[in-house]
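Contents: one structure, followed by commentary.
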Amino acid sequence: MARPPKDPHMPRSLARIKAVLILLAAATAMLLPSLPAAAQDNTPTPQATTATYRDWTVRCDHLPQTPPRRVCEVVQAVRANDGQAFLAQVVIGKPAPDQPTKLIVQLPAGVWLPANVTLTAPSGESATATFTRCMQLCVADADIAQPLVDALKAATEPARLTFQDGSRRPIELPISLNGFTAAINAARE
């Protein structure tokens, strides 16, 4: 059985690969001493944390200022029964200690903007958020008073989010309050 002829270029190819590997190893070795210096940079960076309380999520940003400050909000995403289609997102939070609690509602484009959107507790307290912008989502916001927050915390039934679609038909979405009290308390700690 005849052997295939040797490739006269094979040793040269292997030599080139070996030279490239040696150069890469040398370059890596030269860069390694500078990496700890970059890792030791004491510049504070914001951190984000989340925690879930049943149907509500607490999102916190840790801001790198002096003194450091934590800004938290509670969020619930409302999806269609199939769990896929986005219907709404409700956000409640306090941007700063000296500012009022905010309600922010995100809805898909195509809502009737003049109707705005209202969050109503089972006991009847409510806040109406005014649409401020629409791109891929429509965003409405409002300041909310402590009595509404307290009513949401005390509720045993879902709250209601009401708005109108583009054809001016009323839409009412239930907003679960399971976990709301624990979430809002954690956000305010």
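Order determines the names: the first chain of the structure tokens is A, the second B, and so forth; residues in each chain are numbered 1 upward, and ligands are numbered 1 upward as they are shown.
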Do you know which residues are at most 12 Å from A:Ala154 counting only C-alpha atoms, after dropping those on the same chain fewer than 2 positions away, and could you put them as a compact mmCIF listing (two decimals) with C-alpha atoms, in the first residue's frame?
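The resulting file, out.txt, is shown below:
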```
# COMPACT_ATOMS: atom_id res chain seq x y z
CA ALA A 121 -58.26 50.19 44.95
CA PRO A 122 -61.12 47.83 45.89
CA SER A 123 -62.20 50.38 48.54
CA GLU A 125 -59.51 55.26 46.34
CA PRO A 147 -54.34 56.91 51.38
CA LEU A 148 -54.31 55.08 48.03
CA VAL A 149 -51.11 53.24 48.93
CA ASP A 150 -52.64 52.30 52.30
CA ALA A 151 -55.85 51.10 50.59
CA LEU A 152 -53.82 48.92 48.20
CA THR A 156 -57.81 41.51 49.84
CA GLU A 157 -59.21 41.76 46.29
CA PRO A 158 -57.49 42.95 43.11
CA ALA A 159 -57.29 46.62 42.20
CA LEU A 177 -52.29 42.86 45.17
CA ASN A 178 -50.78 39.55 46.30
CA GLY A 179 -47.42 40.54 47.75
CA PHE A 180 -47.98 44.28 47.35
CA THR A 181 -47.69 45.10 51.06
CA ALA A 182 -44.42 43.19 51.49
```
Contacts of stretch 89-103 of chain A at 7 Å or less, counting only C-alpha atoms, minus same-chain residues fewer than 2 places along, as a PyMOL selection string?
chain A and resi 71-78+105-107+141-144
Backbone DSSP call of strand (DSSP E or B) for stretch 31-172 of chain A, listed as a VMD selection string:
chain A and resid 47 to 53 56 to 63 69 to 79 86 to 93 101 to 108 111 117 to 120 126 to 134 137 to 144 159 to 165 170 to 172
Please report the interatomic distance between atom CA of A:Arg79 and atom CA of A:Glu172 in Å with one decimal.
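Atom-to-atom, atom CA of A:Arg79 to atom CA of A:Glu172, that is 13.0 Å.
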When you look at A:Gly166 with a cut-off of 10 Å (counting only C-alpha atoms), what residues show up, excluding the ones that are within fewer than 4 positions of it in the same chain? I need them as a PyMOL selection string.
chain A and resi 109-113+170
Nearest to A:Pro108, chosen from A:Ala129, A:Ile175, A:Ala187, A:Val139, with only C-alpha atoms counted in the distances
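Looking only at the distances to A:Pro108, the closest residue turns out to be A:Val139.
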My list of candidates is A:Ala155, A:Val58, A:Ala88, A:Leu161. Which is closest to A:Arg70 when distances are computed with only C-alpha atoms?
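Among A:Ala155, A:Val58, A:Ala88, A:Leu161, it is A:Val58 that comes nearest to A:Arg70.
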Figure out the distance between atom CA of A:Asn81 and atom CA of A:Pro114, please, to one decimal in Å.
27.3 Å
